[in-house]
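K.L.:
The file below is target-v4.cif, mmCIF, C-alpha atoms:
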data_final
#
loop_
_atom_site.label_atom_id
_atom_site.label_comp_id
_atom_site.auth_asym_id
_atom_site.auth_seq_id
_atom_site.Cartn_x
_atom_site.Cartn_y
_atom_site.Cartn_z
CA MET O 1 0.99 -2.46 30.23
CA ARG O 2 -0.69 -2.53 26.83
CA SER O 3 1.29 -2.53 23.62
CA ALA O 4 0.33 -1.80 20.04
CA THR O 5 2.05 -3.41 17.08
CA LEU O 6 2.11 -2.22 13.48
CA ALA O 7 2.91 -5.22 11.33
CA ARG O 8 3.29 -5.76 7.62
CA CYS O 9 3.73 -9.35 6.57
CA ALA O 10 2.73 -11.23 3.43
CA THR O 11 2.99 -14.84 4.50
CA GLY O 12 4.48 -15.01 7.95
CA HIS O 13 7.53 -16.94 6.76
CA ASP O 14 10.50 -16.23 9.03
CA ARG O 15 10.36 -12.44 9.10
CA PRO O 16 7.46 -9.97 8.80
CA GLU O 17 9.63 -7.96 6.39
CA SER O 18 8.69 -10.34 3.60
CA ALA O 19 5.73 -8.16 2.62
CA VAL O 20 7.63 -5.01 1.76
CA THR O 21 8.10 -6.26 -1.80
CA ILE O 22 4.39 -7.04 -2.10
CA ALA O 23 3.54 -3.53 -0.93
CA GLY O 24 5.74 -2.07 -3.62
CA ILE O 25 3.46 -3.14 -6.48
CA ARG O 26 0.79 -0.70 -5.47
CA THR O 27 2.61 2.57 -5.14
CA SER O 28 3.39 3.83 -8.63
CA ILE O 29 2.81 3.64 -12.35
CA ASP O 30 5.28 4.90 -14.95
CA VAL O 31 3.02 6.88 -17.27
CA ASP O 32 5.83 7.92 -19.60
CA SER O 33 6.86 4.30 -20.14
CA ILE O 34 3.30 3.28 -20.98
CA ILE O 35 2.98 6.05 -23.56
CA LYS O 36 6.40 5.25 -25.02
CA ASP O 37 5.91 1.48 -25.13
CA LEU O 38 2.55 1.82 -26.88
CA GLY O 39 3.65 4.61 -29.20
CA ASP O 40 3.65 2.33 -32.24
CA PHE O 41 -0.15 2.16 -31.99
CA MET O 42 -0.38 5.93 -32.57
CA VAL O 43 0.01 5.62 -36.33
CA SER O 44 0.83 8.76 -38.30
CA TYR O 45 -2.14 10.40 -40.00
CA ALA O 46 0.01 10.47 -43.14
CA ALA O 47 0.52 6.69 -43.20
CA ASP O 48 -0.09 5.10 -46.61
CA ASP O 49 -2.18 2.35 -45.07
CA TRP O 50 -4.20 4.69 -42.85
CA SER O 51 -7.40 3.20 -41.45
CA ASP O 52 -10.16 4.77 -39.38
CA ALA O 53 -9.35 2.18 -36.72
CA TYR O 54 -6.11 4.06 -36.07
CA HIS O 55 -8.17 6.82 -34.47
CA HIS O 56 -8.74 4.49 -31.50
CA ASP O 57 -6.06 1.76 -31.46
CA PHE O 58 -3.67 3.65 -29.19
CA GLN O 59 -6.33 4.50 -26.61
CA TYR O 60 -7.59 0.90 -26.71
CA GLU O 61 -4.13 -0.46 -25.88
CA VAL O 62 -3.67 2.06 -23.06
CA GLU O 63 -7.03 1.01 -21.63
CA ARG O 64 -5.99 -2.65 -21.76
CA VAL O 65 -2.86 -1.86 -19.74
CA VAL O 66 -4.89 0.13 -17.21
CA GLU O 67 -7.34 -2.74 -16.81
CA ARG O 68 -4.50 -5.17 -16.16
CA LEU O 69 -2.97 -2.82 -13.59
CA SER O 70 -6.22 -2.29 -11.73
CA VAL O 71 -8.98 -4.89 -12.02
CA MET O 72 -6.92 -7.88 -13.14
CA LEU O 73 -4.02 -7.17 -10.77
CA ARG O 74 -6.39 -6.89 -7.82
CA ASN O 75 -8.15 -10.13 -8.75
CA GLN O 76 -4.92 -12.05 -9.26
CA PHE O 77 -3.46 -10.69 -6.04
CA GLY O 78 -6.56 -11.82 -4.15
CA LYS O 79 -6.31 -15.32 -5.63
CA TRP O 80 -2.61 -15.53 -4.80
CA ILE O 81 -2.82 -14.30 -1.22
CA ARG O 82 -5.77 -16.57 -0.44
CA GLN O 83 -3.99 -19.72 -1.57
CA LEU O 84 -0.94 -19.20 0.65
CA VAL O 85 -0.34 -21.76 3.37
CA ILE O 86 0.28 -19.80 6.57
CA PRO O 87 2.83 -21.37 8.94
CA THR O 88 1.46 -22.31 12.35
CA ARG O 89 3.18 -22.15 15.73
CA SER O 90 4.39 -25.72 15.23
CA SER O 91 5.34 -25.53 11.54
CA ALA O 92 7.04 -22.12 11.36
CA GLY O 93 10.80 -22.43 10.95
CA LYS O 94 11.46 -19.34 13.05
CA ARG O 95 9.18 -17.15 15.11
CA LEU O 96 9.50 -13.77 16.77
CA GLN O 97 9.68 -14.13 20.53
CA SER O 98 8.60 -10.54 21.21
CA ILE O 99 5.03 -10.87 19.91
CA ASP O 100 2.60 -10.24 22.77
CA ALA O 101 -0.66 -12.07 22.03
CA ASN O 102 -2.43 -9.77 24.49
CA GLY O 103 -1.40 -6.65 22.59
CA ILE O 104 -3.33 -4.68 19.98
CA PHE O 105 -2.32 -5.05 16.33
CA LEU O 106 -2.76 -2.73 13.37
CA THR O 107 -1.66 -4.91 10.48
CA PHE O 108 -1.12 -4.21 6.80
CA ASN O 109 -0.85 -7.96 6.31
CA TYR O 110 -3.83 -9.56 4.58
CA THR O 111 -3.34 -13.02 6.11
CA GLY O 112 -4.03 -14.81 9.38
CA THR O 113 -0.33 -14.91 10.32
CA LEU O 114 -0.85 -13.38 13.75
CA ARG O 115 -3.58 -15.87 14.63
CA GLU O 116 -1.94 -18.97 13.15
CA GLY O 117 1.66 -18.27 14.09
CA TYR O 118 1.29 -16.39 17.36
CA ALA O 119 -2.16 -17.27 18.76
CA VAL O 120 -3.25 -13.63 18.65
CA PRO O 121 -7.07 -13.46 18.93
CA ASP O 122 -8.80 -11.98 15.88
CA ALA O 123 -10.46 -9.45 18.19
CA HIS O 124 -7.02 -7.94 18.87
CA VAL O 125 -6.20 -7.40 15.19
CA LEU O 126 -7.32 -4.74 12.71
CA HIS O 127 -6.62 -5.71 9.10
CA ILE O 128 -6.76 -2.14 7.85
CA HIS O 129 -6.45 -3.19 4.18
CA GLY O 130 -8.70 -6.23 4.35
CA CYS O 131 -8.43 -9.83 5.51
CA ALA O 132 -7.79 -12.65 3.04
CA ASP O 133 -9.55 -15.11 5.35
CA LEU O 134 -12.83 -13.41 4.49
CA GLU O 135 -13.70 -14.43 0.94
CA ASP O 136 -15.78 -11.32 0.26
CA ASP O 137 -13.47 -8.84 2.00
CA ASP O 138 -12.12 -6.15 -0.31
CA LEU O 139 -8.32 -6.27 -0.30
CA ILE O 140 -7.06 -2.72 -0.64
CA LEU O 141 -4.33 -2.06 -3.19
CA GLY O 142 -3.60 1.45 -4.29
CA HIS O 143 -1.43 4.55 -4.27
CA ALA O 144 -1.33 7.76 -2.25
CA TRP O 145 -1.91 10.33 -5.01
CA ASN O 146 -5.22 11.96 -4.16
CA PRO O 147 -7.19 12.54 -7.40
CA GLN O 148 -8.54 15.76 -5.88
CA THR O 149 -5.07 17.27 -5.63
CA ARG O 150 -3.15 15.37 -8.30
CA LYS O 151 -2.52 17.30 -11.51
CA SER O 152 -4.26 15.87 -14.58
CA LEU O 153 -2.00 14.58 -17.35
CA ASN O 154 -3.87 16.92 -19.68
CA ASP O 155 -3.14 19.93 -17.49
CA ARG O 156 -0.31 21.17 -19.70
CA GLU O 157 0.51 24.34 -21.63
CA ASP O 158 0.60 22.64 -25.03
CA ILE O 159 -2.78 20.91 -24.65
CA GLU O 160 -4.10 22.58 -27.81
CA GLU O 161 -1.23 21.16 -29.82
CA ILE O 162 -1.07 17.51 -28.75
CA ASP O 163 -2.61 14.63 -30.67
CA THR O 164 -6.25 14.00 -29.74
CA ARG O 165 -5.42 10.33 -29.25
CA LEU O 166 -2.81 11.21 -26.62
CA MET O 167 -5.29 13.51 -24.91
CA GLU O 168 -7.81 10.68 -24.70
CA ALA O 169 -5.14 8.26 -23.45
CA ASN O 170 -4.19 10.75 -20.74
CA HIS O 171 -7.82 10.85 -19.66
CA ILE O 172 -7.85 7.04 -19.41
CA LEU O 173 -4.74 7.17 -17.21
CA ASP O 174 -6.26 9.92 -15.07
CA THR O 175 -9.25 7.64 -14.54
CA TYR O 176 -6.89 4.87 -13.42
CA PHE O 177 -5.38 7.12 -10.75
CA ALA O 178 -8.83 8.07 -9.50
CA ALA O 179 -10.04 4.46 -9.40
CA THR O 180 -6.97 3.05 -7.61
CA PHE O 181 -6.42 5.81 -5.06
CA LYS O 182 -6.13 4.24 -1.61
CA PRO O 183 -8.76 6.00 0.56
CA SER O 184 -6.71 6.01 3.76
CA ASP O 185 -8.76 8.77 5.38
CA GLN O 186 -11.98 6.85 4.75
CA LEU O 187 -10.46 3.66 6.16
CA ILE O 188 -9.35 5.51 9.28
CA GLN O 189 -12.83 6.95 9.81
CA ARG O 190 -14.43 3.56 9.17
CA ASN O 191 -12.21 2.12 11.91
CA ARG O 192 -12.39 5.12 14.23
CA GLN O 193 -13.38 2.91 17.16
CA PHE O 194 -10.06 1.07 16.92
CA PHE O 195 -8.00 4.26 17.05
CA ASP O 196 -10.12 5.74 19.84
CA GLY O 197 -9.55 2.56 21.85
CA LEU O 198 -5.78 3.12 22.06
CA PHE O 199 -6.08 5.28 25.16
CA ASP O 200 -3.62 3.42 27.43
CA ILE O 201 -0.82 2.32 25.09
CA GLN O 202 2.69 2.48 26.53
CA GLU O 203 4.67 0.65 23.84
CA VAL O 204 4.45 0.64 20.05
CA TRP O 205 6.30 -1.98 17.99
CA VAL O 206 6.78 -1.45 14.25
CA LEU O 207 7.52 -4.72 12.47
CA GLY O 208 8.38 -4.99 8.79
CA HIS O 209 6.93 -1.65 7.75
CA SER O 210 8.78 0.48 5.21
CA LEU O 211 7.30 3.73 6.61
CA SER O 212 6.53 4.80 3.05
CA ASP O 213 4.48 7.88 2.21
CA VAL O 214 1.50 5.81 1.09
CA ASP O 215 0.78 4.77 4.70
CA GLU O 216 1.63 8.10 6.34
CA PRO O 217 -2.04 8.91 7.14
CA TYR O 218 -2.21 5.90 9.46
CA PHE O 219 0.80 7.03 11.45
CA LYS O 220 -0.62 10.53 11.66
CA ALA O 221 -3.90 9.10 12.95
CA LEU O 222 -2.09 7.02 15.56
CA LEU O 223 -0.10 10.01 16.77
CA THR O 224 -3.26 12.01 17.42
CA VAL O 225 -3.91 9.58 20.29
CA PRO O 226 -2.11 11.04 23.36
CA SER O 227 -1.01 7.70 24.82
CA VAL O 228 0.42 6.59 21.47
CA SER O 229 2.38 9.80 20.95
CA ARG O 230 3.84 9.43 24.47
CA ALA O 231 4.63 5.72 24.06
CA CYS O 232 8.04 4.17 23.45
CA TRP O 233 8.36 3.24 19.78
CA SER O 234 10.52 0.19 18.99
CA ILE O 235 11.14 -0.47 15.31
CA ALA O 236 12.63 -3.65 13.87
CA CYS O 237 15.73 -3.03 11.73
CA ARG O 238 18.08 -5.11 9.61
CA SER O 239 21.22 -3.06 10.26
CA ALA O 240 22.53 0.05 11.97
CA SER O 241 22.05 2.12 8.82
CA ASP O 242 18.52 0.77 8.40
CA GLY O 243 17.83 1.72 12.00
CA SER O 244 19.14 5.24 11.46
CA ASP O 245 17.00 5.71 8.35
CA LYS O 246 13.87 4.44 10.06
CA GLN O 247 14.53 6.55 13.13
CA ASP O 248 14.76 9.65 10.92
CA ARG O 249 11.57 8.68 9.12
CA LEU O 250 9.63 8.18 12.35
CA GLN O 251 10.74 11.63 13.46
CA GLU O 252 9.46 13.05 10.16
CA LEU O 253 6.13 11.38 10.87
CA GLY O 254 5.98 13.09 14.26
CA VAL O 255 7.39 10.62 16.78
CA ASP O 256 9.56 12.19 19.50
CA ALA O 257 13.21 11.28 18.85
CA THR O 258 13.75 10.36 22.51
CA ARG O 259 11.00 7.75 22.28
CA ILE O 260 12.34 5.84 19.25
CA PHE O 261 14.30 2.64 19.81
CA PRO O 262 15.68 0.80 16.74
CA THR O 263 15.88 -2.92 17.48
CA SER O 264 17.61 -5.69 15.56
CA TRP O 265 15.41 -8.45 14.17
CA ASP O 266 17.79 -10.94 15.80
CA GLU O 267 16.83 -9.59 19.21
CA MET O 268 13.14 -10.13 18.57
#
Could you write out this structure as structure tokens?
P.N.:
Amino acid sequence: MRSATLARCATGHDRPESAVTIAGIRTSIDVDSIIKDLGDFMVSYAADDWSDAYHHDFQYEVERVVERLSVMLRNQFGKWIRQLVIPTRSSAGKRLQSIDANGIFLTFNYTGTLREGYAVPDAHVLHIHGCADLEDDDLILGHAWNPQTRKSLNDREDIEEIDTRLMEANHILDTYFAATFKPSDQLIQRNRQFFDGLFDIQEVWVLGHSLSDVDEPYFKALLTVPSVSRACWSIACRSASDGSDKQDRLQELGVDATRIFPTSWDEM
């Protein structure tokens, strides 16, 4: 009987849930806060000390924030994840007993945790968002707002009345959303062979995944595979309420309610 496991884990320390916090940095940006926090750089045109530089200072500061949130954040994240020491089978303080090294793994974890901690062959693992072990591999960070369907910040009724500097800043932020959109559909197509190979799966284990909207396309892709949609889905939970919430979410994603089995981490 073949099993498939969806795992999200940052370091492999104790519980795969440890990566949920890491995943959270990539899902949203508070545009209103950025505009408000940098508002002092949008100097009034009536200011006594007005300078032509004030035509561009606000946009420049917004662009600096965007660069830190995109390019610099990605670079720093890559450096951080690649310097982590991954626990091995002998050094890990606690390991999951339910990991089947012969199973198939779709992991949102960037590290070699499955190989180092559980002796899972690399050939059994798809690092859908990149593998930190490969120095040149692109580690995917991003959000789920498709730039093709997302409303522009300048798509507003009072566009003719707003400050030109704000209009230009909005364009900079729109560019950020386009540049950091996580191309889930492209990643699925790029790894089509993996999904097509799941033709005889009878069990699916979900470990440490928040089931957030940003990764919904992957679940939808999995559920298009007949054996996966018919499989028994076991999902690791911290508590009864957590199990209930995750069970509801899996149903929303399309998993048959009778095939969902919340399981305590302590039993794994």
K.L.:
Could you state which residues are captured by the PyMOL selection byres ((chain O and resi 232) around 9) in this file, as number ranges by chain?
P.N.:
O: 202-205, 228-231, 233-234, 258-261
K.L.:
Take the selection from the previous step and output its residues with C-alpha atoms, as a PDB file, in the frame of the given file.
P.N.:
ATOM      1  CA  GLN O 202       2.690   2.480  26.530  1.00  0.00           C
ATOM      2  CA  GLU O 203       4.670   0.650  23.840  1.00  0.00           C
ATOM      3  CA  VAL O 204       4.450   0.640  20.050  1.00  0.00           C
ATOM      4  CA  TRP O 205       6.300  -1.980  17.990  1.00  0.00           C
ATOM      5  CA  VAL O 228       0.420   6.590  21.470  1.00  0.00           C
ATOM      6  CA  SER O 229       2.380   9.800  20.950  1.00  0.00           C
ATOM      7  CA  ARG O 230       3.840   9.430  24.470  1.00  0.00           C
ATOM      8  CA  ALA O 231       4.630   5.720  24.060  1.00  0.00           C
ATOM      9  CA  TRP O 233       8.360   3.240  19.780  1.00  0.00           C
ATOM     10  CA  SER O 234      10.520   0.190  18.990  1.00  0.00           C
ATOM     11  CA  THR O 258      13.750  10.360  22.510  1.00  0.00           C
ATOM     12  CA  ARG O 259      11.000   7.750  22.280  1.00  0.00           C
ATOM     13  CA  ILE O 260      12.340   5.840  19.250  1.00  0.00           C
ATOM     14  CA  PHE O 261      14.300   2.640  19.810  1.00  0.00           C
TER      15      PHE O 261
END
K.L.:
Quick one: residues within 8 Å of stretch 60-69 of chain O, all atoms listed in the file counted, chain neighbours fewer than 6 positions away excluded, as a PyMOL selection string?
P.N.:
chain O and resi 34-35+38+41+169+172-173+176
K.L.:
Since I can't run it myself right now, could you work out what the PyMOL selection byres ((chain O and resi 222) around 12) selects here and report it as a PyMOL selection string?
P.N.:
chain O and resi 4-6+106+188+191-192+194-199+201+204+215-221+223-231+233+253-255
K.L.:
What's around O:Val43 at 12 Å? Count all atoms listed in the file, leave out sequence neighbours fewer than 4 positions away in its own chain, and write the answer as a compact mmCIF listing (two decimals) with C-alpha atoms, keeping the file's coordinate frame.
P.N.:
# COMPACT_ATOMS: atom_id res chain seq x y z
CA LEU O 38 2.55 1.82 -26.88
CA GLY O 39 3.65 4.61 -29.20
CA ALA O 47 0.52 6.69 -43.20
CA ASP O 48 -0.09 5.10 -46.61
CA ASP O 49 -2.18 2.35 -45.07
CA TRP O 50 -4.20 4.69 -42.85
CA SER O 51 -7.40 3.20 -41.45
CA ASP O 52 -10.16 4.77 -39.38
CA ALA O 53 -9.35 2.18 -36.72
CA TYR O 54 -6.11 4.06 -36.07
CA HIS O 55 -8.17 6.82 -34.47
CA HIS O 56 -8.74 4.49 -31.50
CA ASP O 57 -6.06 1.76 -31.46
CA PHE O 58 -3.67 3.65 -29.19
CA GLN O 59 -6.33 4.50 -26.61
CA ASP O 163 -2.61 14.63 -30.67
CA ARG O 165 -5.42 10.33 -29.25
CA LEU O 166 -2.81 11.21 -26.62
K.L.:
Which residue gives the smallest distance to O:Asn102 among O:Pro121, O:Gly78, O:Pro183, O:Gly208, with all atoms listed in the file counted?
P.N.:
O:Pro121
K.L.:
Each residue of stretch 133-224 of chain O lying at most 12 Å from stretch 79-90 of chain O should get a row with its shortest atom-to-atom pair and the distance in Å to one decimal, counting all atoms listed in the file; could you produce that, ordered by chain and increasing number, as a tab-separated table?
P.N.:
residue	atom	partner	partner_atom	distance
O:Asp133	CA	O:Arg82	CA	7.1
O:Leu134	CA	O:Arg82	CA	9.2
O:Glu135	CA	O:Arg82	CA	8.3
O:Asp136	CA	O:Arg82	CA	11.3
O:Asp137	CA	O:Arg82	CA	11.2
O:Leu139	CA	O:Ile81	CA	9.8
K.L.:
Hey, can you spit out that residue selection with C-alpha atoms as an mmCIF file, in the frame of the given file?
P.N.:
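Wrote part_16.cif, looks like this:
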data_model
loop_
_atom_site.group_PDB
_atom_site.id
_atom_site.type_symbol
_atom_site.label_atom_id
_atom_site.label_comp_id
_atom_site.auth_asym_id
_atom_site.auth_seq_id
_atom_site.Cartn_x
_atom_site.Cartn_y
_atom_site.Cartn_z
ATOM 1 C CA ASP O 133 -9.550 -15.110 5.350
ATOM 2 C CA LEU O 134 -12.830 -13.410 4.490
ATOM 3 C CA GLU O 135 -13.700 -14.430 0.940
ATOM 4 C CA ASP O 136 -15.780 -11.320 0.260
ATOM 5 C CA ASP O 137 -13.470 -8.840 2.000
ATOM 6 C CA LEU O 139 -8.320 -6.270 -0.300
#
K.L.:
One decimal, in Å: what's the spacing between atom CA of O:Gln193 and atom CA of O:Phe108?
P.N.:
17.6 Å
K.L.:
Residue by residue, what does the PyMOL selection byres ((chain O and resi 242) around 12) grab here? Present the result as a tab-separated table (two decimals) with C-alpha atoms, keeping the file's coordinate frame.
P.N.:
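Written output follows (expr_10.tsv):
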chain	number	residue	atom	x	y	z
O	208	GLY	CA	8.38	-4.99	8.79
O	209	HIS	CA	6.93	-1.65	7.75
O	210	SER	CA	8.78	0.48	5.21
O	211	LEU	CA	7.30	3.73	6.61
O	235	ILE	CA	11.14	-0.47	15.31
O	236	ALA	CA	12.63	-3.65	13.87
O	237	CYS	CA	15.73	-3.03	11.73
O	238	ARG	CA	18.08	-5.11	9.61
O	239	SER	CA	21.22	-3.06	10.26
O	240	ALA	CA	22.53	0.05	11.97
O	241	SER	CA	22.05	2.12	8.82
O	243	GLY	CA	17.83	1.72	12.00
O	244	SER	CA	19.14	5.24	11.46
O	245	ASP	CA	17.00	5.71	8.35
O	246	LYS	CA	13.87	4.44	10.06
O	247	GLN	CA	14.53	6.55	13.13
O	248	ASP	CA	14.76	9.65	10.92
O	249	ARG	CA	11.57	8.68	9.12
O	262	PRO	CA	15.68	0.80	16.74
O	263	THR	CA	15.88	-2.92	17.48
O	264	SER	CA	17.61	-5.69	15.56
O	265	TRP	CA	15.41	-8.45	14.17
